[in-house]
file input-v5.txt (compact mmCIF, C-alpha atoms and all ligand atoms)
# COMPACT_ATOMS: atom_id res chain seq x y z
CA MET A 7 136.29 92.11 0.96
CA SER A 8 137.08 91.66 4.66
CA ARG A 9 134.75 89.79 6.97
CA THR A 10 133.75 93.08 8.57
CA GLU A 11 132.83 94.51 5.16
CA GLN A 12 130.91 91.40 4.15
CA GLU A 13 128.90 91.43 7.35
CA TYR A 14 128.29 95.14 7.05
CA LYS A 15 127.02 94.69 3.50
CA ALA A 16 124.53 92.09 4.63
CA ALA A 17 123.43 94.26 7.56
CA ARG A 18 123.05 97.26 5.27
CA GLU A 19 120.59 95.28 3.14
CA THR A 20 118.58 94.18 6.16
CA TYR A 21 118.31 97.75 7.40
CA ALA A 22 117.56 99.08 3.92
CA GLU A 23 114.50 96.82 3.82
CA LEU A 24 113.28 98.75 6.87
CA GLY A 25 113.98 102.07 5.18
CA ILE A 26 117.21 102.76 7.12
CA ASP A 27 120.28 104.00 5.23
CA THR A 28 123.21 102.75 7.32
CA ASP A 29 125.85 104.63 5.28
CA GLN A 30 124.07 107.89 6.01
CA VAL A 31 123.59 106.91 9.66
CA LEU A 32 127.32 106.35 10.14
CA LYS A 33 128.11 109.64 8.47
CA THR A 34 125.78 111.47 10.82
CA LEU A 35 126.93 109.52 13.86
CA SER A 36 130.57 110.41 13.23
CA SER A 37 129.64 114.11 13.29
CA ILE A 38 127.94 114.05 16.71
CA PRO A 39 130.42 114.90 19.45
CA VAL A 40 130.64 113.35 22.90
CA SER A 41 132.25 115.64 25.47
CA VAL A 42 134.66 113.59 27.58
CA HIS A 43 135.04 114.96 31.12
CA CYS A 44 138.56 115.71 32.34
CA TRP A 45 137.61 114.97 35.95
CA GLN A 46 137.32 111.17 35.62
CA GLY A 47 141.09 111.11 35.07
CA ASP A 48 142.10 112.39 38.51
CA ASP A 49 139.10 111.81 40.83
CA VAL A 50 137.93 115.46 40.50
CA ILE A 51 140.97 116.88 42.30
CA GLY A 52 142.27 119.44 39.77
CA PHE A 53 145.46 121.46 39.99
CA ASP A 54 144.56 124.44 42.12
CA GLY A 55 145.51 123.10 45.52
CA ALA A 56 142.44 121.10 46.50
CA THR A 57 143.27 117.80 48.14
CA SER A 58 139.78 116.38 48.42
CA LEU A 59 136.43 116.73 46.72
CA SER A 60 133.58 118.66 48.33
CA GLY A 61 130.18 119.97 47.28
CA GLY A 62 128.24 116.85 48.18
CA ILE A 63 129.80 114.62 45.55
CA LEU A 64 132.24 111.79 46.15
CA ALA A 65 134.76 109.75 44.16
CA THR A 66 135.24 106.46 45.99
CA GLY A 67 138.10 104.00 45.47
CA ASN A 68 141.87 104.21 45.22
CA TYR A 69 142.83 102.37 42.06
CA PRO A 70 146.49 103.16 41.34
CA GLY A 71 147.60 105.39 38.47
CA ARG A 72 145.61 108.60 38.98
CA ALA A 73 146.85 111.46 36.77
CA ARG A 74 148.77 113.81 39.10
CA ASN A 75 149.30 116.75 36.78
CA ALA A 76 148.13 118.22 33.50
CA GLU A 77 150.72 116.41 31.36
CA GLU A 78 149.62 113.05 32.73
CA LEU A 79 145.94 113.91 32.37
CA ARG A 80 146.42 114.97 28.76
CA ALA A 81 148.46 111.88 27.94
CA ASP A 82 145.83 109.61 29.50
CA ALA A 83 142.99 111.32 27.66
CA ALA A 84 144.87 111.22 24.35
CA PHE A 85 145.37 107.50 24.84
CA ALA A 86 141.67 107.02 25.67
CA PHE A 87 140.74 108.89 22.46
CA THR A 88 142.59 106.28 20.39
CA GLN A 89 140.03 103.71 21.59
CA ILE A 90 136.87 105.78 21.10
CA PRO A 91 135.13 106.09 17.73
CA GLY A 92 133.44 109.29 16.59
CA LYS A 93 133.91 112.93 17.36
CA LYS A 94 135.32 113.87 20.74
CA ARG A 95 135.42 117.04 22.82
CA PHE A 96 137.12 117.51 26.19
CA ASN A 97 135.30 119.03 29.13
CA LEU A 98 137.39 121.15 31.51
CA HIS A 99 136.65 122.44 34.99
CA ALA A 100 138.12 125.74 36.18
CA MET A 101 140.12 123.91 38.87
CA TYR A 102 142.22 122.41 36.06
CA ALA A 103 143.90 125.78 35.45
CA GLU A 104 147.67 125.67 35.04
CA THR A 105 149.18 128.56 36.94
CA GLY A 106 152.81 127.41 36.83
CA GLY A 107 152.97 127.08 40.60
CA ALA A 108 151.65 130.60 41.30
CA LYS A 109 148.73 131.00 43.70
CA VAL A 110 145.88 132.40 41.62
CA GLU A 111 142.47 132.81 43.23
CA ARG A 112 139.53 131.28 41.40
CA SER A 113 138.06 134.75 41.16
CA SER A 114 141.12 135.85 39.15
CA ILE A 115 141.80 132.99 36.76
CA GLU A 116 142.47 134.01 33.18
CA PRO A 117 142.43 132.47 29.71
CA ARG A 118 146.24 132.17 29.75
CA HIS A 119 145.94 129.58 32.51
CA PHE A 120 144.33 127.35 29.90
CA ASP A 121 146.82 127.95 27.08
CA ASN A 122 148.26 124.45 27.33
CA TRP A 123 144.79 122.94 27.16
CA ILE A 124 143.98 125.01 24.08
CA ALA A 125 147.23 124.03 22.35
CA TRP A 126 146.54 120.39 23.15
CA ALA A 127 142.99 120.63 21.83
CA LYS A 128 144.32 122.00 18.54
CA GLU A 129 146.79 119.17 18.30
CA GLN A 130 144.04 116.62 19.02
CA LYS A 131 141.67 118.44 16.63
CA ILE A 132 138.95 118.50 19.27
CA GLY A 133 136.72 121.14 20.83
CA LEU A 134 136.71 122.07 24.51
CA ASP A 135 133.92 122.72 26.98
CA PHE A 136 134.15 124.51 30.31
CA ASN A 137 132.74 124.57 33.87
CA PRO A 138 133.28 127.06 36.67
CA THR A 139 134.25 125.18 39.86
CA PHE A 140 132.07 126.01 42.88
CA MET A 141 133.38 123.24 45.17
CA SER A 142 136.56 121.85 46.72
CA HIS A 143 137.57 125.27 48.02
CA PRO A 144 137.76 126.86 51.51
CA LEU A 145 135.03 129.38 50.56
CA ALA A 146 132.72 126.52 49.56
CA GLU A 147 133.20 124.43 52.70
CA SER A 148 129.96 125.68 54.26
CA GLY A 149 128.09 124.14 51.34
CA TRP A 150 127.06 127.56 50.03
CA THR A 151 128.57 129.62 47.20
CA LEU A 152 126.42 131.84 44.91
CA ALA A 153 123.58 131.70 47.44
CA HIS A 154 125.80 132.22 50.50
CA PRO A 155 124.28 134.62 53.07
CA ASP A 156 127.58 136.53 53.29
CA SER A 157 127.79 139.00 50.41
CA HIS A 158 131.62 138.92 50.39
CA ILE A 159 131.65 135.20 49.78
CA ARG A 160 128.95 135.57 47.17
CA SER A 161 131.01 138.22 45.41
CA PHE A 162 134.03 135.95 45.29
CA TRP A 163 131.99 133.27 43.54
CA ILE A 164 130.31 135.77 41.23
CA GLU A 165 133.77 136.89 40.12
CA HIS A 166 134.65 133.26 39.53
CA GLY A 167 131.54 132.80 37.41
CA LYS A 168 132.42 135.85 35.33
CA ALA A 169 136.06 134.83 34.95
CA SER A 170 134.94 131.41 33.75
CA ARG A 171 132.71 132.87 31.05
CA ARG A 172 135.61 134.98 29.78
CA ILE A 173 137.81 131.90 29.67
CA ALA A 174 135.13 129.98 27.79
CA GLN A 175 134.92 132.88 25.33
CA ALA A 176 138.70 132.96 24.83
CA ILE A 177 138.79 129.21 24.21
CA ALA A 178 135.91 129.49 21.75
CA ASP A 179 137.52 132.35 19.85
CA THR A 180 140.92 130.68 19.67
CA LEU A 181 139.52 127.34 18.53
CA LYS A 182 136.86 129.03 16.35
CA ASP A 183 134.31 126.70 17.83
CA PHE A 184 131.51 126.77 20.37
CA VAL A 185 132.21 126.12 24.07
CA VAL A 186 129.52 124.82 26.39
CA ASN A 187 129.94 126.67 29.70
CA ASN A 188 128.02 124.69 32.31
CA LEU A 189 127.29 126.08 35.76
CA TRP A 190 126.51 123.88 38.73
CA VAL A 191 126.59 124.99 42.38
CA PRO A 192 126.19 122.68 45.38
CA ASP A 193 124.24 125.18 47.49
CA GLY A 194 121.76 123.47 49.75
CA SER A 195 121.08 122.24 53.25
CA LYS A 196 121.15 118.96 55.10
CA ASP A 197 118.00 119.54 57.07
CA MET A 198 114.74 121.33 56.47
CA PRO A 199 115.40 125.02 56.01
CA ALA A 200 113.16 127.62 57.61
CA ASP A 201 113.60 129.81 54.56
CA ARG A 202 113.48 128.22 51.11
CA LEU A 203 113.02 131.44 49.23
CA GLY A 204 115.97 133.51 50.52
CA PRO A 205 118.74 131.32 49.06
CA ARG A 206 116.91 131.18 45.72
CA LEU A 207 116.61 134.94 45.59
CA ARG A 208 120.33 135.24 46.30
CA LEU A 209 121.19 132.58 43.72
CA LYS A 210 119.09 134.33 41.10
CA GLU A 211 120.70 137.68 41.82
CA SER A 212 124.21 136.18 41.65
CA LEU A 213 123.43 134.49 38.34
CA ASP A 214 121.97 137.70 36.96
CA THR A 215 125.25 139.46 37.75
CA ILE A 216 127.31 136.71 36.14
CA TYR A 217 125.24 136.64 32.93
CA ALA A 218 124.86 140.42 32.74
CA GLU A 219 128.17 140.68 30.93
CA LYS A 220 127.40 140.62 27.23
CA LEU A 221 129.82 138.40 25.34
CA PRO A 222 131.03 139.46 21.87
CA ASN A 223 129.49 136.56 19.95
CA ASP A 224 127.33 133.50 20.48
CA ARG A 225 130.11 130.94 20.70
CA VAL A 226 129.71 130.46 24.46
CA LEU A 227 126.73 128.26 25.22
CA ASP A 228 125.83 129.04 28.82
CA CYS A 229 123.83 126.46 30.66
CA VAL A 230 122.70 125.69 34.20
CA GLU A 231 122.55 122.31 35.94
CA SER A 232 119.94 121.47 38.55
CA LYS A 233 120.06 118.83 41.23
CA LEU A 234 117.59 117.03 43.46
CA PHE A 235 119.93 116.53 46.41
CA GLY A 236 123.57 115.93 47.30
CA ILE A 237 125.49 114.51 50.24
CA GLY A 238 124.85 117.07 52.97
CA SER A 239 122.11 118.81 50.97
CA GLU A 240 119.46 116.12 51.27
CA SER A 241 116.58 118.34 52.32
CA TYR A 242 117.02 121.33 50.08
CA VAL A 243 118.96 122.41 47.00
CA ALA A 244 118.58 126.04 45.96
CA GLY A 245 119.24 125.23 42.30
CA SER A 246 116.40 122.76 41.88
CA HIS A 247 114.96 121.72 38.53
CA GLU A 248 112.08 124.19 38.65
CA PHE A 249 114.43 126.99 39.68
CA TYR A 250 116.67 126.49 36.67
CA LEU A 251 113.91 125.65 34.21
CA GLY A 252 112.41 129.05 34.88
CA TYR A 253 115.79 130.72 34.88
CA ALA A 254 116.96 129.22 31.59
CA MET A 255 113.69 130.12 29.89
CA GLN A 256 113.87 133.68 31.12
CA LYS A 257 117.49 134.12 29.99
CA ALA A 258 117.23 131.98 26.85
CA ILE A 259 120.19 129.83 27.91
CA GLY A 260 120.50 126.06 28.12
CA ILE A 261 119.66 123.49 30.77
CA CYS A 262 121.92 120.62 31.74
CA TYR A 263 120.15 117.40 32.65
CA ASP A 264 122.34 115.11 34.72
CA MET A 265 120.97 111.56 34.70
CA GLY A 266 121.79 111.23 38.41
CA HIS A 267 120.01 114.39 39.51
CA PHE A 268 116.38 113.30 39.47
CA HIS A 269 114.17 110.80 41.22
CA PRO A 270 115.44 107.31 40.33
CA THR A 271 112.47 106.47 38.06
CA GLU A 272 112.11 109.95 36.56
CA SER A 273 112.85 110.02 32.82
CA ILE A 274 115.18 112.68 31.45
CA ALA A 275 114.36 111.47 27.95
CA ASP A 276 110.80 112.70 28.33
CA LYS A 277 112.00 116.17 29.31
CA ILE A 278 113.88 116.76 26.06
CA SER A 279 110.92 117.42 23.75
CA ALA A 280 109.11 119.42 26.42
CA THR A 281 111.95 121.74 27.32
CA LEU A 282 113.33 122.23 23.82
CA LEU A 283 110.10 124.10 23.11
CA TYR A 284 111.26 126.78 25.52
CA VAL A 285 115.06 126.75 25.81
CA PRO A 286 117.53 127.02 22.92
CA TYR A 287 119.67 123.96 23.73
CA LEU A 288 120.27 121.26 26.31
CA VAL A 289 123.21 119.40 27.75
CA VAL A 290 122.94 115.81 28.97
CA HIS A 291 125.33 114.66 31.69
CA ALA A 292 125.50 110.95 30.95
CA SER A 293 125.92 109.26 34.29
CA ARG A 294 124.55 106.25 36.17
CA GLY A 295 123.06 106.74 39.58
CA ILE A 296 122.65 103.59 41.63
CA HIS A 297 120.04 104.30 44.31
CA TRP A 298 121.33 107.88 44.42
CA ASP A 299 123.52 110.31 42.43
CA SER A 300 126.46 107.94 42.80
CA ASP A 301 128.19 108.96 39.56
CA HIS A 302 128.85 105.43 38.35
CA ILE A 303 130.28 104.98 34.84
CA ILE A 304 127.54 105.30 32.25
CA ILE A 305 126.74 102.07 30.45
CA TRP A 306 124.40 101.36 27.57
CA ASN A 307 121.25 101.06 29.66
CA ASP A 308 117.60 101.81 28.90
CA ALA A 309 117.84 105.32 30.33
CA LEU A 310 120.64 106.19 27.92
CA THR A 311 118.89 104.50 24.98
CA ASP A 312 115.74 106.50 25.68
CA ILE A 313 117.67 109.78 25.69
CA CYS A 314 119.38 108.90 22.40
CA ARG A 315 116.05 107.85 20.90
CA GLU A 316 114.67 111.31 21.58
CA ILE A 317 117.74 113.06 20.14
CA VAL A 318 117.60 110.94 17.00
CA ARG A 319 113.84 110.94 16.47
CA MET A 320 113.60 114.71 16.83
CA ARG A 321 116.87 115.16 14.88
CA VAL A 322 118.10 117.58 17.56
CA TRP A 323 121.73 116.47 17.84
CA ASP A 324 122.82 120.03 17.18
CA ARG A 325 120.71 121.26 20.13
CA VAL A 326 121.40 118.51 22.67
CA TYR A 327 125.04 118.27 23.72
CA LEU A 328 126.09 114.89 25.07
CA ALA A 329 128.64 115.06 27.86
CA LEU A 330 129.92 112.43 30.29
CA ASP A 331 129.79 113.03 34.03
CA TYR A 332 130.88 110.38 36.52
CA PHE A 333 133.92 109.65 38.64
CA ASP A 334 134.89 106.15 39.58
CA ALA A 335 138.22 105.85 41.40
CA SER A 336 137.87 102.11 41.95
CA VAL A 337 138.78 101.08 38.40
CA ASN A 338 141.38 101.98 35.81
CA ARG A 339 140.26 105.52 35.06
CA ILE A 340 141.05 105.28 31.37
CA SER A 341 138.77 102.28 31.04
CA ALA A 342 136.07 104.42 32.70
CA TRP A 343 136.44 107.04 29.95
CA ILE A 344 136.44 104.45 27.18
CA ILE A 345 133.48 102.48 28.50
CA GLY A 346 131.32 105.57 28.96
CA SER A 347 132.21 107.07 25.58
CA ARG A 348 131.78 103.87 23.62
CA SER A 349 128.50 103.10 25.39
CA THR A 350 127.15 106.52 24.53
CA GLN A 351 128.15 106.05 20.89
CA ARG A 352 126.58 102.60 20.86
CA ALA A 353 123.30 103.91 22.29
CA LEU A 354 123.23 106.65 19.65
CA LEU A 355 123.90 104.20 16.82
CA TYR A 356 121.21 101.89 18.16
CA ALA A 357 118.71 104.73 18.18
CA PHE A 358 119.55 105.54 14.55
CA LEU A 359 119.01 101.90 13.57
CA GLU A 360 115.48 101.56 14.92
CA PRO A 361 112.67 101.40 12.33
CA VAL A 362 111.09 104.63 13.51
CA GLU A 363 109.20 105.34 10.29
CA ALA A 364 107.45 101.98 10.50
CA MET A 365 106.70 102.59 14.18
CA ARG A 366 105.21 105.97 13.39
CA SER A 367 102.94 104.50 10.73
CA GLU A 368 101.64 101.92 13.18
CA GLU A 369 101.10 104.66 15.73
CA GLU A 370 99.10 106.71 13.24
CA ARG A 371 97.08 103.64 12.40
CA GLY A 372 96.42 103.07 16.09
CA ASP A 373 98.10 99.66 16.10
CA PHE A 374 100.11 99.93 19.28
CA GLY A 375 100.82 96.21 19.44
CA ALA A 376 102.63 96.46 16.11
CA ARG A 377 104.48 99.54 17.34
CA LEU A 378 105.73 97.70 20.44
CA GLY A 379 106.55 94.65 18.35
CA LEU A 380 108.81 96.76 16.11
CA ILE A 381 110.68 98.17 19.11
CA GLU A 382 111.33 94.71 20.47
CA GLU A 383 112.19 93.08 17.13
CA ALA A 384 114.73 95.85 16.48
CA ARG A 385 116.82 94.40 19.30
CA SER A 386 117.84 91.40 17.22
CA LEU A 387 118.64 93.24 14.00
CA PRO A 388 122.35 93.03 12.98
CA PHE A 389 123.43 96.04 15.03
CA ALA A 390 126.80 94.50 15.92
CA SER A 391 127.86 94.26 12.26
CA VAL A 392 127.27 97.98 11.79
CA TRP A 393 129.06 98.87 15.04
CA ARG A 394 132.03 96.75 14.07
CA TYR A 395 132.27 98.38 10.65
CA TYR A 396 131.97 101.80 12.28
CA CYS A 397 134.82 101.09 14.74
CA GLU A 398 137.08 99.77 12.02
CA THR A 399 136.46 102.67 9.67
CA GLN A 400 137.14 104.99 12.61
CA ASP A 401 140.44 103.19 13.25
CA VAL A 402 139.56 102.04 16.74
CA PRO A 403 139.33 98.47 17.99
CA TYR A 404 136.07 96.62 17.76
CA GLY A 405 134.97 94.54 20.75
CA PRO A 406 137.04 93.93 23.84
CA ALA A 407 140.42 94.38 22.11
CA TRP A 408 140.78 97.81 23.72
CA ILE A 409 140.89 96.18 27.15
CA GLU A 410 144.28 94.66 26.32
CA ASP A 411 145.54 98.04 25.10
CA VAL A 412 144.48 99.64 28.39
CA LYS A 413 146.20 96.89 30.40
CA ASP A 414 149.33 97.53 28.38
CA TYR A 415 149.14 101.31 29.02
CA GLU A 416 148.62 100.59 32.70
CA LYS A 417 151.74 98.45 32.81
CA LYS A 418 153.90 100.86 30.80
CA VAL A 419 152.64 104.21 32.12
CA LEU A 420 150.20 104.16 35.04
CA SER A 421 152.09 101.65 37.21
CA LYS A 422 155.15 103.92 37.17
CA ARG A 423 153.21 106.67 39.00
CA GLY A 424 153.96 106.78 42.73
C1 LIG B 1 127.43 117.47 40.47
C2 LIG B 1 127.21 117.75 39.04
C3 LIG B 1 128.37 118.36 38.31
C4 LIG B 1 129.69 117.73 38.67
C5 LIG B 1 130.85 118.19 37.82
C6 LIG B 1 132.15 117.82 38.42
O1 LIG B 1 126.42 116.75 41.05
O2 LIG B 1 126.81 116.58 38.40
O3 LIG B 1 128.13 118.29 36.95
O4 LIG B 1 129.63 116.34 38.58
O5 LIG B 1 130.73 119.52 37.57
ZN ZN B 2 126.57 116.70 36.26
call {"tool": "encode", "arguments": {"input": "input-v5.txt", "output": "structure tokens", "more": "lines below"}}
Ligand code: RNT
Ligand code: ZN
result
Amino acid sequence: MSRTEQEYKAARETYAELGIDTDQVLKTLSSIPVSVHCWQGDDVIGFDGATSLSGGILATGNYPGRARNAEELRADAAFAFTQIPGKKRFNLHAMYAETGGAKVERSSIEPRHFDNWIAWAKEQKIGLDFNPTFMSHPLAESGWTLAHPDSHIRSFWIEHGKASRRIAQAIADTLKDFVVNNLWVPDGSKDMPADRLGPRLRLKESLDTIYAEKLPNDRVLDCVESKLFGIGSESYVAGSHEFYLGYAMQKAIGICYDMGHFHPTESIADKISATLLYVPYLVVHASRGIHWDSDHIIIWNDALTDICREIVRMRVWDRVYLALDYFDASVNRISAWIIGSRSTQRALLYAFLEPVEAMRSEEERGDFGARLGLIEEARSLPFASVWRYYCETQDVPYGPAWIEDVKDYEKKVLSKRG
């Protein structure tokens, strides 16, 4: 028996005494996907002609080695996957279409522009998710898209929204899998608007037109992402939380909660049980806002643990889709993917290894001191032995060994990029 196996065996006994079956936990954990976002690999630039990011979000830094085309992005992601345990998906944005050099408007993109991505996903044995791109485009420069006062500009973006749903459907049908199709628009204003209702009416009408098209099956999981504010939309965002909460309930679609899109002390974790009563599914954009929606790499922090606790305790991992969303251009971008994915997996595993049954009994008994004591004592249970065993059985390095692999990839591949 290897040292990893010995330590796992001991840990398994410790957890069994608390009523936790670690073998079963690891089986479940390995079936819960994390959707890795394509846009960390190239600073949210994409391949459809944009040279900088707009929409009130910002990737700061200029670490060398950014993926410059789809081949490089796929190679980098495939390498990152070799260092991440568990089930992976890849999250695409419409601006990552491959048009073979032809100028194709966003309103006219087609499934065939994603053929290479689909072929790659098959090869990697992963699912794909999708996002229409309502930013980094001349017709989005005003900061308005689906709620734009000009009906011609609105129509352009409505067509883009429809085209994106059709692409999501084609991907889903080809891969025989679901595809989360997440819609976020930047629409908002820097200073106090005189009219808060008008843009919301226009946004609602545009969304209604996009979702009016009935898709042939339920493989596309539409969802909408709210935001508190962005750079240049500090005073007002048309797609606020309340706007989309109502909208998603009315349409029976999902809501995407981005961890950076709420007041800094507001808990997304607490929203999960409340909103799952009314909407069919949720998406979490795992991100780390520092003072604001700064899109720092997610780490295993309390906010992430709390979200995973809710998913695990309610056993809703098939209704809450975990996706990464951040963009840090100041570090090796592959390490950003690996850190965020591994941290999310770690937080999930930790949540599975808490003695929730014991905590519930204390809660029923009214002994809240004992309940808090159990939460705190769980922190020094042999979590690391289970994580190590998990990584090794998933054929990925345990501990910081991956850092050397990334350095090596940087030397051999990234440093050769101009
Ligand atoms: C922006 C939203 C959105 C984007 C991606 C690129 O604030 O978080 O999810 O980050 O679509
Ligand atoms: Zn997001």
call {"tool": "residues_near_ligand", "arguments": {"input": "input-v5.txt", "ligand": "ligand ZN 2 (chain B)", "cutoff": "9 Å", "atoms": "all atoms listed in the file", "output": "VMD selection string"}}
result
chain A and resid 190 231 to 233 262 to 267 290 to 293 301 329 to 332
call {"tool": "residues_near_point", "arguments": {"input": "input-v5.txt", "point": "(147.3, 116.0, 16.8)", "cutoff": "12 Å", "atoms": "only C-alpha atoms", "output": "list in words"}}
result
Ala81, Ala84, Phe85, Phe87, Thr88, Ala125, Trp126, Ala127, Lys128, Glu129, Gln130, Lys131 and Ile132 of chain A
call {"tool": "axis_aligned_box", "arguments": {"input": "input-v5.txt", "around": "segment 303-318 of chain A", "padding_each_side": "3 Å", "output": "JSON"}}
result
{"center_x": 122.5, "center_y": 107.1, "center_z": 25.9, "size_x": 21.6, "size_y": 18.0, "size_z": 23.8}
call {"tool": "residues_around", "arguments": {"input": "input-v5.txt", "residues": "His302 of chain A", "least_positions_apart": "5", "cutoff": "12 Å", "atoms": "all atoms listed in the file", "output": "list of chain:residue names"}}
result
A:Gln46, A:Ile63, A:Leu64, A:Ala65, A:Thr66, A:Gly67, A:Met265, A:Gly266, A:His291, A:Ala292, A:Ser293, A:Arg294, A:Gly295, A:Ile296, A:His297, A:Leu330, A:Asp331, A:Tyr332, A:Phe333, A:Asp334, A:Ala335, A:Ser336, A:Val337, A:Arg339, A:Ala342, A:Trp343, A:Ile345, A:Gly346
call {"tool": "atom_distance", "arguments": {"input": "input-v5.txt", "atom1": "atom CA of Ala258 of chain A", "atom2": "atom CA of Thr215 of chain A"}}
result
15.5 Å
call {"tool": "closest_residue", "arguments": {"input": "input-v5.txt", "among": "A:Ile305, A:Leu59, A:Ile164, A:Ala200", "to": "ligand LIG 1 (chain B)", "atoms": "all atoms listed in the file"}}
result
A:Leu59
call {"tool": "atom_distance", "arguments": {"input": "input-v5.txt", "atom1": "atom CA of Ser41 of chain A", "atom2": "atom CA of Pro388 of chain A"}}
result
27.7 Å
call {"tool": "residues_near_point", "arguments": {"input": "input-v5.txt", "point": "(130.8, 136.6, 23.0)", "cutoff": "9 Å", "atoms": "all atoms listed in the file", "output": "list in words"}}
result
Arg172, Gln175, Ala176, Ala178, Asp179, Lys220, Leu221, Pro222, Asn223, Asp224, Arg225 and Val226 of chain A
call {"tool": "residues_around", "arguments": {"input": "input-v5.txt", "residues": "Leu213 of chain A", "least_positions_apart": "4", "cutoff": "9 Å", "atoms": "all atoms listed in the file", "output": "ChimeraX atom specification"}}
result
/A:152,164,167,208-209,217-218
call {"tool": "write_last_selection", "arguments": {"input": "input-v5.txt", "atoms": "C-alpha atoms", "output": "CSV table (one decimal), in the frame of the given file"}}
result
chain,number,residue,atom,x,y,z
A,152,LEU,CA,126.4,131.8,44.9
A,164,ILE,CA,130.3,135.8,41.2
A,167,GLY,CA,131.5,132.8,37.4
A,208,ARG,CA,120.3,135.2,46.3
A,209,LEU,CA,121.2,132.6,43.7
A,217,TYR,CA,125.2,136.6,32.9
A,218,ALA,CA,124.9,140.4,32.7
call {"tool": "closest_atom_pairs", "arguments": {"input": "input-v5.txt", "of": "segment 115-167 of chain A", "to": "segment 101-108 of chain A", "cutoff": "12 Å", "atoms": "all atoms listed in the file", "output": "JSON lines"}}
result
{"residue": "A:Ile115", "atom": "CA", "partner": "A:Ala103", "partner_atom": "CA", "distance": 7.6}
{"residue": "A:Glu116", "atom": "CA", "partner": "A:Ala103", "partner_atom": "CA", "distance": 8.7}
{"residue": "A:Pro117", "atom": "CA", "partner": "A:Ala103", "partner_atom": "CA", "distance": 8.9}
{"residue": "A:Arg118", "atom": "CA", "partner": "A:Glu104", "partner_atom": "CA", "distance": 8.5}
{"residue": "A:His119", "atom": "CA", "partner": "A:Glu104", "partner_atom": "CA", "distance": 5.0}
{"residue": "A:Phe120", "atom": "CA", "partner": "A:Ala103", "partner_atom": "CA", "distance": 5.8}
{"residue": "A:Asp121", "atom": "CA", "partner": "A:Glu104", "partner_atom": "CA", "distance": 8.3}
{"residue": "A:Asn122", "atom": "CA", "partner": "A:Glu104", "partner_atom": "CA", "distance": 7.8}
{"residue": "A:Trp123", "atom": "CA", "partner": "A:Ala103", "partner_atom": "CA", "distance": 8.8}
{"residue": "A:Ile124", "atom": "CA", "partner": "A:Ala103", "partner_atom": "CA", "distance": 11.4}
{"residue": "A:Phe136", "atom": "CA", "partner": "A:Tyr102", "partner_atom": "CA", "distance": 10.1}
{"residue": "A:Asn137", "atom": "CA", "partner": "A:Met101", "partner_atom": "CA", "distance": 8.9}
{"residue": "A:Pro138", "atom": "CA", "partner": "A:Met101", "partner_atom": "CA", "distance": 7.8}
{"residue": "A:Thr139", "atom": "CA", "partner": "A:Met101", "partner_atom": "CA", "distance": 6.1}
{"residue": "A:Phe140", "atom": "CA", "partner": "A:Met101", "partner_atom": "CA", "distance": 9.2}
{"residue": "A:Met141", "atom": "CA", "partner": "A:Met101", "partner_atom": "CA", "distance": 9.3}
{"residue": "A:Ser142", "atom": "CA", "partner": "A:Met101", "partner_atom": "CA", "distance": 8.9}
{"residue": "A:His143", "atom": "CA", "partner": "A:Met101", "partner_atom": "CA", "distance": 9.6}
{"residue": "A:His166", "atom": "CA", "partner": "A:Met101", "partner_atom": "CA", "distance": 10.9}
call {"tool": "closest_residue", "arguments": {"input": "input-v5.txt", "among": "A:Ile259, A:Ala16, A:Leu227, A:Ile303", "to": "ligand LIG 1 (chain B)", "atoms": "all atoms listed in the file"}}
result
A:Ile303
call {"tool": "residues_around", "arguments": {"input": "input-v5.txt", "residues": "Pro91 of chain A", "least_positions_apart": "2", "cutoff": "8 Å", "atoms": "all atoms listed in the file", "output": "list of chain:residue names"}}
result
A:Ser36, A:Phe87, A:Thr88, A:Gln89, A:Lys93, A:Arg348, A:Gln351, A:Tyr396, A:Cys397, A:Gln400, A:Asp401, A:Val402
call {"tool": "atom_distance", "arguments": {"input": "input-v5.txt", "atom1": "atom CA of Asn75 of chain A", "atom2": "atom CA of Trp163 of chain A"}}
result
24.9 Å
call {"tool": "closest_residue", "arguments": {"input": "input-v5.txt", "among": "A:Leu359, A:Tyr415, A:Glu111, A:Asp373", "to": "Glu23 of chain A", "atoms": "only C-alpha atoms"}}
result
A:Leu359
call {"tool": "closest_residue", "arguments": {"input": "input-v5.txt", "among": "A:Leu189, A:Leu378, A:Val40, A:Ile261", "to": "Ile90 of chain A", "atoms": "only C-alpha atoms"}}
result
A:Val40
call {"tool": "closest_residue", "arguments": {"input": "input-v5.txt", "among": "A:Leu98, A:Val412, A:Phe389, A:Gly61", "to": "Ala76 of chain A", "atoms": "all atoms listed in the file"}}
result
A:Leu98
call {"tool": "closest_residue", "arguments": {"input": "input-v5.txt", "among": "A:Ile159, A:Ile274, A:Ala174, A:Ile340", "to": "Trp45 of chain A", "atoms": "only C-alpha atoms"}}
result
A:Ile340
call {"tool": "residues_around", "arguments": {"input": "input-v5.txt", "residues": "Cys314 of chain A", "least_positions_apart": "2", "cutoff": "12 Å", "atoms": "only C-alpha atoms", "output": "NGL selection string"}}
result
:A and (35 or 38 or 274-276 or 278 or 290 or 292 or 306-312 or 316-323 or 326-328 or 349-360)
